[in-house]
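S.K.: Mind looking over this structure? Questions follow.
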Amino acid sequence: MKSSVKKWLAGATDSPDRVKPRVDAGQRVYSIGDIHGRLDLLRQLHRMIEADARGFTGDRILVYLGDYIDRGMQSREIIDELLDAPLAGFENVYLLGNHEQTLLDFLQQPRVAAGWLAWGGRETLASYGVPLQAHARPDPEQLRDELQSRLPERHLAFYRNMQMTHQAGDYLFVHAGIRPGIPLQEQSNEDLLWIREDFTESSAWHEYVVVHGHSIFEQVEFLPNRIGIDTGAYATGVLTCLVLEGEEQRLLQTGVRN
Ligand SMILES: [Mn+2]
């Protein structure tokens with residue numbers, strides 16, 4: 001653990017010498033939560049980030065926290081947007097979400113991963129031109145074959161190349177969270193992509209302040225050991241971007257007054 005952060009965590013919040021977590025000087029990190037097929041919100045938030053970053057001359061890093069697809073109706077369009085219209089002047093980091101992992105699993109083992117259809121995969125398949133009738137009982141392997149034939153090669157490569165974590169200063173970025181008490185290098189991908197209460201209800205210090213999505217909170221959760229920024233965009237219209245610079249933490253959000 002970095003001693004400065006330990007001091008901040010251990011100290012009273014009004015302690016004059018407390019030290020907050022920070023990113024490196026000359027760097028501004030933007031981090032976007034779970035998009036889930038809402039191209040309208042992604043475009044709005046991209047424009048807000050562009051406007052916010054105008055005039056900033058340091059390094060701009062943009063970390064997407066995963067779950068780009070499923071639930072909303074524009075999964076394919078989201079991936080096209082990220083590939084064709086990335087924000088200029090940013091280093092882009094694309095983290096893997098459990099929904100992208102499940103799409104990859106479905107391609108390998110359609111019967112095992114068929115539950116995916118019920119929690120958003122249906123919408124993703126439709127966006128790739130594989131429609132399902134509402135009451136049909138589709139054959140998973142047939143659906144897999146259809147998806148495989150329609151999934152652009154560059155989309156598959158994009159999903160396969162996503163990262164599990166990213167680190168910047170005192171912050172760790174990951175889709176779902178980490179298992180408390182286990183060193184970062186020993187974390188399982190299962191936990192990084194899927195963990196919920198074991199992480200969100202833990203007050204343990206994790207070596208970094210963990211910035212994550214996956215678990216939906218109405219308001220962004222700013223806690224000493226984690227910041228949860230999945231505001232349920234697909235249903236609420238609120239897509240959140242956390243902005244970190246020095247010791248500063250602030251938000252850009254669609255659907256709310258900023
Ligand atoms: Mn998720």
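Ligands are numbered from 1 in the order shown, residues from 1 within each chain, and chains are lettered A, B, ... in the order they appear in the structure tokens.
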Please identify all protein, DNA and RNA residues within 6 Å of ligand 1, counting only C-alpha atoms and all ligand atoms, and report them as a PDB file with N, CA, C and O atoms, in the first residue's frame.

M.R.:
```pdb
ATOM      1  N   ASP A  67     -19.095  -3.754 -20.143  1.00  0.00           N
ATOM      2  CA  ASP A  67     -20.543  -3.845 -20.356  1.00  0.00           C
ATOM      3  C   ASP A  67     -21.013  -2.778 -21.347  1.00  0.00           C
ATOM      4  O   ASP A  67     -21.864  -1.941 -21.044  1.00  0.00           O
ATOM      5  N   GLY A  97     -16.145  -6.402 -19.697  1.00  0.00           N
ATOM      6  CA  GLY A  97     -17.251  -6.586 -18.750  1.00  0.00           C
ATOM      7  C   GLY A  97     -17.751  -8.016 -18.803  1.00  0.00           C
ATOM      8  O   GLY A  97     -17.429  -8.768 -19.734  1.00  0.00           O
ATOM      9  N   ASN A  98     -18.559  -8.403 -17.819  1.00  0.00           N
ATOM     10  CA  ASN A  98     -19.071  -9.779 -17.821  1.00  0.00           C
ATOM     11  C   ASN A  98     -19.975 -10.047 -19.025  1.00  0.00           C
ATOM     12  O   ASN A  98     -20.084 -11.183 -19.484  1.00  0.00           O
ATOM     13  N   HIS A 214     -20.754  -2.328 -12.919  1.00  0.00           N
ATOM     14  CA  HIS A 214     -21.367  -3.638 -12.671  1.00  0.00           C
ATOM     15  C   HIS A 214     -22.507  -3.625 -11.654  1.00  0.00           C
ATOM     16  O   HIS A 214     -23.562  -4.184 -11.912  1.00  0.00           O
TER      17      HIS A 214
END
```

S.K.: Could you pull out the strand (DSSP E) residues of segment 73-224 of chain A from DSSP and send them as a VMD selection string?

M.R.: chain A and resid 91 to 94 165 to 168 171 to 174 209 to 216 221 to 222

S.K.: Which polymer residues have any atom within 7 Å of an atom of Leu192 of chain A, counting only C-alpha atoms, with same-chain residues fewer than 3 positions away left out, as a compact mmCIF listing (two decimals) with N, CA and C atoms, in the first residue's frame?

M.R.:
```txt
# COMPACT_ATOMS: atom_id res chain seq x y z
N VAL A 174 -11.59 -1.47 -12.79
CA VAL A 174 -11.97 -2.86 -13.08
C VAL A 174 -13.49 -2.91 -13.22
N HIS A 175 -13.99 -3.88 -14.01
CA HIS A 175 -15.44 -3.89 -14.26
C HIS A 175 -16.27 -4.05 -12.99
N ALA A 176 -16.09 -5.15 -12.27
CA ALA A 176 -16.99 -5.43 -11.14
C ALA A 176 -16.39 -5.11 -9.79
N GLY A 177 -15.11 -5.38 -9.62
CA GLY A 177 -14.46 -5.17 -8.33
C GLY A 177 -13.40 -6.22 -8.11
N ILE A 178 -12.96 -6.32 -6.87
CA ILE A 178 -11.95 -7.32 -6.54
C ILE A 178 -12.37 -8.04 -5.26
N SER A 188 -9.07 -13.63 -9.42
CA SER A 188 -9.58 -14.43 -10.54
C SER A 188 -10.36 -13.53 -11.48
N ASN A 189 -10.34 -13.88 -12.77
CA ASN A 189 -11.15 -13.13 -13.74
C ASN A 189 -12.62 -13.20 -13.37
N ILE A 195 -18.01 -10.05 -9.36
CA ILE A 195 -18.21 -9.92 -7.92
C ILE A 195 -19.22 -8.81 -7.60
```

S.K.: Give me the residues near Gly58 of chain A as a list of chain:residue names, where near means some atom within 8 Å (using only C-alpha atoms) and where sequence neighbours in that chain fewer than 3 positions away do not count.

M.R.: A:Gly26, A:Gln27, A:Arg28

S.K.: Just write the chosen residues, N, CA, C and O atoms, as a PDB file, in the first residue's frame.

M.R.:
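Once written, again_33.pdb looks like this:
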```
ATOM      1  N   GLY A  26      -0.037  16.064 -14.387  1.00  0.00           N
ATOM      2  CA  GLY A  26      -0.048  16.177 -15.848  1.00  0.00           C
ATOM      3  C   GLY A  26      -0.988  15.201 -16.524  1.00  0.00           C
ATOM      4  O   GLY A  26      -1.013  15.092 -17.752  1.00  0.00           O
ATOM      5  N   GLN A  27      -1.781  14.488 -15.717  1.00  0.00           N
ATOM      6  CA  GLN A  27      -2.665  13.459 -16.260  1.00  0.00           C
ATOM      7  C   GLN A  27      -4.103  13.752 -15.871  1.00  0.00           C
ATOM      8  O   GLN A  27      -4.370  14.192 -14.754  1.00  0.00           O
ATOM      9  N   ARG A  28      -5.016  13.544 -16.782  1.00  0.00           N
ATOM     10  CA  ARG A  28      -6.436  13.584 -16.423  1.00  0.00           C
ATOM     11  C   ARG A  28      -7.077  12.290 -16.911  1.00  0.00           C
ATOM     12  O   ARG A  28      -6.929  11.925 -18.069  1.00  0.00           O
TER      13      ARG A  28
END
```

S.K.: Restrict the calculation to only C-alpha atoms, then for each residue of segment 221-244 of chain A with any atom at most 10 Å from an atom of segment 200-212 of chain A give the closest atom pair and their distance in Å to one decimal, rows by chain and rising residue number, as a Markdown table.

M.R.:
```
| residue | atom | partner | partner_atom | distance |
| --- | --- | --- | --- | --- |
| A:Glu221 | CA | A:Thr200 | CA | 9.7 |
| A:Phe222 | CA | A:Val211 | CA | 9.4 |
| A:Leu223 | CA | A:Val209 | CA | 8.6 |
| A:Pro224 | CA | A:Val209 | CA | 7.0 |
| A:Asn225 | CA | A:Val209 | CA | 4.8 |
| A:Arg226 | CA | A:Val210 | CA | 4.4 |
| A:Ile227 | CA | A:Val211 | CA | 4.8 |
| A:Gly228 | CA | A:His212 | CA | 5.1 |
| A:Ile229 | CA | A:His212 | CA | 6.3 |
| A:Asp230 | CA | A:His212 | CA | 7.5 |
| A:Leu242 | CA | A:Val211 | CA | 8.8 |
```

S.K.: Nearest to Tyr30 of chain A among A:Phe106, A:Phe56, A:Tyr64, A:Trp194, with distances taken over only C-alpha atoms: which residue is it?

M.R.: A:Tyr64

S.K.: One number please: atom CA of Gln219 of chain A to atom CA of Tyr94 of chain A, in Å, one decimal.

M.R.: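 A separation of 23.4 Å between them.
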
S.K.: Quick one: pick out all helix (DSSP H, G or I) residues within segment 52-160 of chain A from a backbone DSSP run and write them as a ChimeraX atom specification.

M.R.: /A:52-53,75-84,98-108,114-119,121-127,140-150,153-160
